>>> print(open('work.pdb').read())   # PDB, C-alpha atoms, pLDDT in the B column
ATOM      1  CA  MET A   1     -32.925 -73.271   8.085  1.00 48.00           C
ATOM      2  CA  THR A   2     -30.575 -75.063  10.455  1.00 44.00           C
ATOM      3  CA  ASP A   3     -29.852 -77.564   7.696  1.00 47.00           C
ATOM      4  CA  PHE A   4     -28.182 -74.702   5.840  1.00 49.00           C
ATOM      5  CA  ASP A   5     -25.728 -74.364   8.804  1.00 48.00           C
ATOM      6  CA  HIS A   6     -24.270 -71.023   7.776  1.00 46.00           C
ATOM      7  CA  ASP A   7     -23.898 -67.863   9.819  1.00 61.00           C
ATOM      8  CA  SER A   8     -26.283 -66.090   7.456  1.00 61.00           C
ATOM      9  CA  VAL A   9     -29.206 -67.910   9.144  1.00 68.00           C
ATOM     10  CA  PHE A  10     -28.060 -67.137  12.697  1.00 74.00           C
ATOM     11  CA  GLU A  11     -29.911 -63.881  13.204  1.00 71.00           C
ATOM     12  CA  THR A  12     -33.174 -65.204  11.765  1.00 73.00           C
ATOM     13  CA  ILE A  13     -33.057 -68.256  14.028  1.00 74.00           C
ATOM     14  CA  LEU A  14     -32.137 -66.041  17.004  1.00 78.00           C
ATOM     15  CA  LEU A  15     -35.142 -63.813  16.397  1.00 77.00           C
ATOM     16  CA  ALA A  16     -37.362 -66.893  16.168  1.00 80.00           C
ATOM     17  CA  CYS A  17     -36.156 -67.793  19.689  1.00 72.00           C
ATOM     18  CA  ALA A  18     -38.207 -64.820  20.913  1.00 74.00           C
ATOM     19  CA  ASP A  19     -41.322 -65.691  18.904  1.00 75.00           C
ATOM     20  CA  PRO A  20     -44.576 -65.575  20.895  1.00 79.00           C
ATOM     21  CA  THR A  21     -45.416 -69.131  19.819  1.00 83.00           C
ATOM     22  CA  ARG A  22     -43.931 -71.728  22.160  1.00 82.00           C
ATOM     23  CA  GLU A  23     -43.398 -74.285  19.396  1.00 83.00           C
ATOM     24  CA  VAL A  24     -41.495 -71.798  17.232  1.00 81.00           C
ATOM     25  CA  ARG A  25     -39.314 -70.741  20.172  1.00 74.00           C
ATOM     26  CA  ALA A  26     -38.511 -74.339  21.062  1.00 78.00           C
ATOM     27  CA  ALA A  27     -37.654 -75.310  17.484  1.00 79.00           C
ATOM     28  CA  ALA A  28     -35.508 -72.203  17.062  1.00 77.00           C
ATOM     29  CA  ALA A  29     -33.631 -72.841  20.324  1.00 74.00           C
ATOM     30  CA  ARG A  30     -32.906 -76.424  19.298  1.00 74.00           C
ATOM     31  CA  GLY A  31     -31.801 -75.236  15.880  1.00 73.00           C
ATOM     32  CA  LEU A  32     -29.604 -72.477  17.246  1.00 68.00           C
ATOM     33  CA  PHE A  33     -27.508 -74.906  19.244  1.00 72.00           C
ATOM     34  CA  ARG A  34     -27.264 -77.384  16.368  1.00 72.00           C
ATOM     35  CA  LEU A  35     -25.461 -74.857  14.214  1.00 63.00           C
ATOM     36  CA  ASN A  36     -21.786 -75.701  13.826  1.00 60.00           C
ATOM     37  CA  PHE A  37     -20.250 -72.368  12.874  1.00 62.00           C
ATOM     38  CA  ASP A  38     -18.611 -70.046  15.393  1.00 76.00           C
ATOM     39  CA  ARG A  39     -21.468 -68.228  17.134  1.00 82.00           C
ATOM     40  CA  ALA A  40     -19.056 -65.657  18.588  1.00 87.00           C
ATOM     41  CA  ASP A  41     -18.345 -64.520  15.019  1.00 88.00           C
ATOM     42  CA  ALA A  42     -22.077 -64.300  14.346  1.00 87.00           C
ATOM     43  CA  TRP A  43     -22.584 -62.090  17.422  1.00 87.00           C
ATOM     44  CA  LYS A  44     -19.602 -59.958  16.341  1.00 93.00           C
ATOM     45  CA  ARG A  45     -21.049 -59.466  12.874  1.00 90.00           C
ATOM     46  CA  ILE A  46     -24.221 -58.064  14.405  1.00 91.00           C
ATOM     47  CA  ILE A  47     -22.134 -55.613  16.460  1.00 95.00           C
ATOM     48  CA  GLU A  48     -20.039 -54.649  13.443  1.00 95.00           C
ATOM     49  CA  THR A  49     -23.131 -53.528  11.538  1.00 92.00           C
ATOM     50  CA  GLY A  50     -23.368 -50.584  13.927  1.00 93.00           C
ATOM     51  CA  ASP A  51     -27.120 -50.734  13.318  1.00 92.00           C
ATOM     52  CA  GLU A  52     -28.648 -49.790  16.671  1.00 93.00           C
ATOM     53  CA  PHE A  53     -32.080 -51.222  15.816  1.00 91.00           C
ATOM     54  CA  ARG A  54     -30.643 -54.527  14.641  1.00 89.00           C
ATOM     55  CA  MET A  55     -28.357 -54.841  17.677  1.00 93.00           C
ATOM     56  CA  ARG A  56     -31.190 -54.001  20.064  1.00 94.00           C
ATOM     57  CA  HIS A  57     -33.532 -56.462  18.358  1.00 89.00           C
ATOM     58  CA  ALA A  58     -30.943 -59.273  18.567  1.00 90.00           C
ATOM     59  CA  SER A  59     -30.178 -58.387  22.197  1.00 93.00           C
ATOM     60  CA  ARG A  60     -33.826 -58.494  23.200  1.00 91.00           C
ATOM     61  CA  ALA A  61     -34.307 -61.815  21.420  1.00 88.00           C
ATOM     62  CA  ALA A  62     -31.308 -63.252  23.287  1.00 88.00           C
ATOM     63  CA  ILE A  63     -32.714 -61.973  26.583  1.00 90.00           C
ATOM     64  CA  GLU A  64     -36.202 -63.354  25.925  1.00 84.00           C
ATOM     65  CA  ALA A  65     -34.778 -66.696  24.829  1.00 82.00           C
ATOM     66  CA  GLY A  66     -32.828 -67.049  28.075  1.00 85.00           C
ATOM     67  CA  ILE A  67     -29.502 -67.065  26.249  1.00 86.00           C
ATOM     68  CA  VAL A  68     -28.223 -64.018  28.125  1.00 93.00           C
ATOM     69  CA  GLY A  69     -28.666 -65.468  31.603  1.00 91.00           C
ATOM     70  CA  LYS A  70     -26.686 -68.532  30.585  1.00 91.00           C
ATOM     71  CA  ALA A  71     -24.042 -66.353  28.964  1.00 95.00           C
ATOM     72  CA  PHE A  72     -23.318 -64.629  32.279  1.00 97.00           C
ATOM     73  CA  GLU A  73     -22.389 -67.995  33.788  1.00 95.00           C
ATOM     74  CA  ARG A  74     -20.321 -68.861  30.729  1.00 96.00           C
ATOM     75  CA  LEU A  75     -18.186 -65.724  31.049  1.00 97.00           C
ATOM     76  CA  VAL A  76     -16.155 -67.563  33.683  1.00 97.00           C
ATOM     77  CA  HIS A  77     -16.082 -70.920  31.872  1.00 97.00           C
ATOM     78  CA  GLU A  78     -12.640 -72.530  31.630  1.00 96.00           C
ATOM     79  CA  ASP A  79     -13.087 -73.219  27.898  1.00 96.00           C
ATOM     80  CA  LEU A  80     -11.973 -69.985  26.226  1.00 95.00           C
ATOM     81  CA  LYS A  81     -14.193 -70.546  23.203  1.00 93.00           C
ATOM     82  CA  VAL A  82     -17.252 -70.733  25.467  1.00 93.00           C
ATOM     83  CA  SER A  83     -16.243 -67.686  27.525  1.00 97.00           C
ATOM     84  CA  TYR A  84     -15.377 -65.684  24.402  1.00 97.00           C
ATOM     85  CA  GLU A  85     -18.803 -66.286  22.877  1.00 93.00           C
ATOM     86  CA  ALA A  86     -20.374 -65.102  26.147  1.00 96.00           C
ATOM     87  CA  PHE A  87     -18.085 -62.050  26.167  1.00 98.00           C
ATOM     88  CA  VAL A  88     -19.150 -61.051  22.651  1.00 97.00           C
ATOM     89  CA  LEU A  89     -22.844 -61.507  23.481  1.00 96.00           C
ATOM     90  CA  VAL A  90     -22.504 -59.306  26.581  1.00 98.00           C
ATOM     91  CA  ALA A  91     -20.608 -56.754  24.475  1.00 98.00           C
ATOM     92  CA  LEU A  92     -23.580 -56.757  22.084  1.00 97.00           C
ATOM     93  CA  LEU A  93     -25.888 -55.995  25.009  1.00 97.00           C
ATOM     94  CA  VAL A  94     -23.676 -53.092  26.040  1.00 98.00           C
ATOM     95  CA  ARG A  95     -23.362 -51.707  22.499  1.00 97.00           C
ATOM     96  CA  SER A  96     -27.133 -51.913  22.001  1.00 96.00           C
ATOM     97  CA  GLY A  97     -27.859 -50.171  25.311  1.00 96.00           C
ATOM     98  CA  GLU A  98     -29.671 -53.241  26.672  1.00 96.00           C
ATOM     99  CA  THR A  99     -27.815 -53.275  29.984  1.00 97.00           C
ATOM    100  CA  ASP A 100     -30.556 -53.817  32.576  1.00 96.00           C
ATOM    101  CA  GLU A 101     -29.817 -57.559  32.768  1.00 97.00           C
ATOM    102  CA  ILE A 102     -26.097 -56.840  33.189  1.00 98.00           C
ATOM    103  CA  PHE A 103     -26.601 -54.414  36.064  1.00 97.00           C
ATOM    104  CA  SER A 104     -29.105 -56.732  37.731  1.00 96.00           C
ATOM    105  CA  ALA A 105     -26.553 -59.539  37.581  1.00 97.00           C
ATOM    106  CA  ILE A 106     -23.794 -57.332  38.988  1.00 97.00           C
ATOM    107  CA  LYS A 107     -26.117 -56.404  41.826  1.00 95.00           C
ATOM    108  CA  ASP A 108     -27.614 -59.818  42.569  1.00 95.00           C
ATOM    109  CA  HIS A 109     -25.410 -62.617  41.232  1.00 95.00           C
ATOM    110  CA  LYS A 110     -23.953 -64.887  43.880  1.00 95.00           C
ATOM    111  CA  ASP A 111     -20.652 -65.504  42.090  1.00 96.00           C
ATOM    112  CA  GLU A 112     -18.240 -62.573  42.362  1.00 96.00           C
ATOM    113  CA  ARG A 113     -16.303 -63.901  39.380  1.00 97.00           C
ATOM    114  CA  VAL A 114     -19.372 -63.329  37.210  1.00 97.00           C
ATOM    115  CA  LYS A 115     -19.708 -59.783  38.584  1.00 97.00           C
ATOM    116  CA  PHE A 116     -16.035 -59.132  37.819  1.00 98.00           C
ATOM    117  CA  ALA A 117     -16.403 -60.577  34.319  1.00 98.00           C
ATOM    118  CA  LEU A 118     -19.412 -58.363  33.595  1.00 98.00           C
ATOM    119  CA  LEU A 119     -17.519 -55.317  34.841  1.00 98.00           C
ATOM    120  CA  HIS A 120     -14.614 -56.342  32.612  1.00 98.00           C
ATOM    121  CA  VAL A 121     -16.884 -56.354  29.555  1.00 98.00           C
ATOM    122  CA  LEU A 122     -18.256 -52.919  30.491  1.00 98.00           C
ATOM    123  CA  ARG A 123     -14.722 -51.635  30.914  1.00 97.00           C
ATOM    124  CA  THR A 124     -13.613 -53.121  27.591  1.00 97.00           C
ATOM    125  CA  VAL A 125     -16.571 -51.867  25.522  1.00 97.00           C
ATOM    126  CA  LYS A 126     -16.669 -48.432  27.209  1.00 95.00           C
ATOM    127  CA  ASP A 127     -20.121 -47.389  26.050  1.00 96.00           C
ATOM    128  CA  GLU A 128     -20.852 -44.042  27.701  1.00 95.00           C
ATOM    129  CA  ARG A 129     -24.481 -45.047  28.290  1.00 95.00           C
ATOM    130  CA  SER A 130     -23.208 -47.589  30.832  1.00 96.00           C
ATOM    131  CA  LEU A 131     -21.910 -44.899  33.170  1.00 95.00           C
ATOM    132  CA  SER A 132     -25.324 -44.073  34.608  1.00 94.00           C
ATOM    133  CA  GLY A 133     -25.890 -47.744  35.456  1.00 95.00           C
ATOM    134  CA  LEU A 134     -22.470 -47.951  37.064  1.00 95.00           C
ATOM    135  CA  ASP A 135     -23.144 -44.785  39.065  1.00 93.00           C
ATOM    136  CA  ASN A 136     -26.486 -46.226  40.225  1.00 93.00           C
ATOM    137  CA  LEU A 137     -24.742 -49.415  41.344  1.00 92.00           C
ATOM    138  CA  ARG A 138     -22.117 -47.463  43.255  1.00 88.00           C
ATOM    139  CA  ALA A 139     -24.560 -45.122  44.935  1.00 88.00           C
ATOM    140  CA  GLY A 140     -27.507 -47.399  45.538  1.00 77.00           C
ATOM    141  CA  HIS A 141     -26.063 -50.681  46.784  1.00 81.00           C
ATOM    142  CA  THR A 142     -23.670 -52.064  49.328  1.00 87.00           C
ATOM    143  CA  PHE A 143     -21.136 -54.508  47.931  1.00 92.00           C
ATOM    144  CA  PRO A 144     -18.100 -56.252  49.345  1.00 91.00           C
ATOM    145  CA  THR A 145     -15.029 -54.032  49.153  1.00 93.00           C
ATOM    146  CA  ASP A 146     -13.457 -55.831  46.184  1.00 95.00           C
ATOM    147  CA  VAL A 147     -16.654 -55.483  44.102  1.00 95.00           C
ATOM    148  CA  THR A 148     -16.950 -51.794  45.026  1.00 94.00           C
ATOM    149  CA  GLU A 149     -13.323 -51.277  43.998  1.00 96.00           C
ATOM    150  CA  ARG A 150     -13.948 -52.967  40.621  1.00 96.00           C
ATOM    151  CA  ILE A 151     -17.001 -50.797  40.036  1.00 96.00           C
ATOM    152  CA  MET A 152     -14.958 -47.689  40.822  1.00 95.00           C
ATOM    153  CA  ASP A 153     -12.114 -48.853  38.566  1.00 96.00           C
ATOM    154  CA  THR A 154     -14.595 -49.458  35.769  1.00 96.00           C
ATOM    155  CA  ILE A 155     -16.043 -45.957  36.175  1.00 95.00           C
ATOM    156  CA  LYS A 156     -12.530 -44.452  36.197  1.00 95.00           C
ATOM    157  CA  SER A 157     -11.657 -46.326  33.023  1.00 95.00           C
ATOM    158  CA  PHE A 158     -14.142 -44.098  31.170  1.00 93.00           C
ATOM    159  CA  GLU A 159     -12.188 -40.957  32.075  1.00 89.00           C
ATOM    160  CA  PRO A 160     -10.002 -39.581  29.290  1.00 84.00           C
ATOM    161  CA  VAL A 161      -6.321 -40.371  29.619  1.00 73.00           C
ATOM    162  CA  PRO A 162      -4.320 -37.168  30.209  1.00 75.00           C
ATOM    163  CA  ALA A 163      -2.003 -36.302  27.345  1.00 68.00           C
TER     164      ALA A 163
END
>>> encode(input="work.pdb", output="structure tokens")
Amino acid sequence: MTDFDHDSVFETILLACADPTREVRAAAARGLFRLNFDRADAWKRIIETGDEFRMRHASRAAIEAGIVGKAFERLVHEDLKVSYEAFVLVALLVRSGETDEIFSAIKDHKDERVKFALLHVLRTVKDERSLSGLDNLRAGHTFPTDVTERIMDTIKSFEPVPA
């Protein structure tokens, strides 16, 4: 399928990255990164379907394949193409409601820039389901002042703007 090198094969290869068979996962992972089209556009197309099941399935495959953990690091990459692809993947996680990995990273990641970038995605996407996770972060953990302020700003960004 990777020989086809078209975004129409992206989702199928992504799902194969979460296959229970090690050989299939490895071949799919190699194939996924050999594709030459813009993967950010492929992630966006999944979001644009608005299909909750499809988005959740793609999100879980990306998590199981280890793509998500790497994407968090890439959010702060100096190459904008790399950071944009990571941004769109994290936005997919938010839109699909698969936010546990995001909140774990905000809580535990060593690099504050990654925490800020994740909060930025949450603030940009503004999925109401994220508010409970943000409230849990605020109430249940002690962060440096600047991280706490960003969490609070992100929560406030969900409030309706007065007319």
>>> closest_residue(input="work.pdb", among="A:His120, A:Val147, A:Asp135, A:Ala16", to="His57 (chain A)", atoms="only C-alpha atoms")
A:Ala16
>>> residues_around(input="work.pdb", residues="Lys81 (chain A)", least_positions_apart="4", cutoff="10 Å", atoms="only C-alpha atoms", output="number ranges by chain")
A: 38-40, 74, 77, 85-87
>>> closest_residue(input="work.pdb", among="A:Glu128, A:Glu48, A:Asp108, A:Asp41", to="Lys156 (chain A)", atoms="all atoms listed in the file")
A:Glu128
>>> atom_distance(input="work.pdb", atom1="CA of Val125 (chain A)", atom2="CA of Tyr84 (chain A)")
13.9 Å
>>> closest_residue(input="work.pdb", among="A:Ser104, A:His141, A:Phe158, A:Glu149", to="Asp127 (chain A)", atoms="all atoms listed in the file")
A:Phe158
>>> atom_distance(input="work.pdb", atom1="CA of Ser157 (chain A)", atom2="CA of Thr49 (chain A)")
25.4 Å
>>> closest_residue(input="work.pdb", among="A:Leu92, A:Val24, A:Cys17, A:Ala139", to="Ala65 (chain A)", atoms="only C-alpha atoms")
A:Cys17
>>> resolve_selection(input="work.pdb", expression="the PyMOL selection byres ((chain A and resi 118) around 12)", output="PyMOL selection string")
chain A and resi 68-69+71-76+83+86-91+93-94+99+101-107+109+111-117+119-125+130+134+147+150-151+154
>>> write_last_selection(input="work.pdb", atoms="C-alpha atoms", output="tab-separated table (two decimals), in the frame of the given file")
chain	number	residue	atom	x	y	z
A	68	VAL	CA	-28.22	-64.02	28.12
A	69	GLY	CA	-28.67	-65.47	31.60
A	71	ALA	CA	-24.04	-66.35	28.96
A	72	PHE	CA	-23.32	-64.63	32.28
A	73	GLU	CA	-22.39	-68.00	33.79
A	74	ARG	CA	-20.32	-68.86	30.73
A	75	LEU	CA	-18.19	-65.72	31.05
A	76	VAL	CA	-16.16	-67.56	33.68
A	83	SER	CA	-16.24	-67.69	27.52
A	86	ALA	CA	-20.37	-65.10	26.15
A	87	PHE	CA	-18.08	-62.05	26.17
A	88	VAL	CA	-19.15	-61.05	22.65
A	89	LEU	CA	-22.84	-61.51	23.48
A	90	VAL	CA	-22.50	-59.31	26.58
A	91	ALA	CA	-20.61	-56.75	24.48
A	93	LEU	CA	-25.89	-56.00	25.01
A	94	VAL	CA	-23.68	-53.09	26.04
A	99	THR	CA	-27.82	-53.28	29.98
A	101	GLU	CA	-29.82	-57.56	32.77
A	102	ILE	CA	-26.10	-56.84	33.19
A	103	PHE	CA	-26.60	-54.41	36.06
A	104	SER	CA	-29.10	-56.73	37.73
A	105	ALA	CA	-26.55	-59.54	37.58
A	106	ILE	CA	-23.79	-57.33	38.99
A	107	LYS	CA	-26.12	-56.40	41.83
A	109	HIS	CA	-25.41	-62.62	41.23
A	111	ASP	CA	-20.65	-65.50	42.09
A	112	GLU	CA	-18.24	-62.57	42.36
A	113	ARG	CA	-16.30	-63.90	39.38
A	114	VAL	CA	-19.37	-63.33	37.21
A	115	LYS	CA	-19.71	-59.78	38.58
A	116	PHE	CA	-16.04	-59.13	37.82
A	117	ALA	CA	-16.40	-60.58	34.32
A	119	LEU	CA	-17.52	-55.32	34.84
A	120	HIS	CA	-14.61	-56.34	32.61
A	121	VAL	CA	-16.88	-56.35	29.56
A	122	LEU	CA	-18.26	-52.92	30.49
A	123	ARG	CA	-14.72	-51.64	30.91
A	124	THR	CA	-13.61	-53.12	27.59
A	125	VAL	CA	-16.57	-51.87	25.52
A	130	SER	CA	-23.21	-47.59	30.83
A	134	LEU	CA	-22.47	-47.95	37.06
A	147	VAL	CA	-16.65	-55.48	44.10
A	150	ARG	CA	-13.95	-52.97	40.62
A	151	ILE	CA	-17.00	-50.80	40.04
A	154	THR	CA	-14.60	-49.46	35.77
>>> atom_distance(input="work.pdb", atom1="CA of Arg45 (chain A)", atom2="CA of Ala61 (chain A)")
15.9 Å
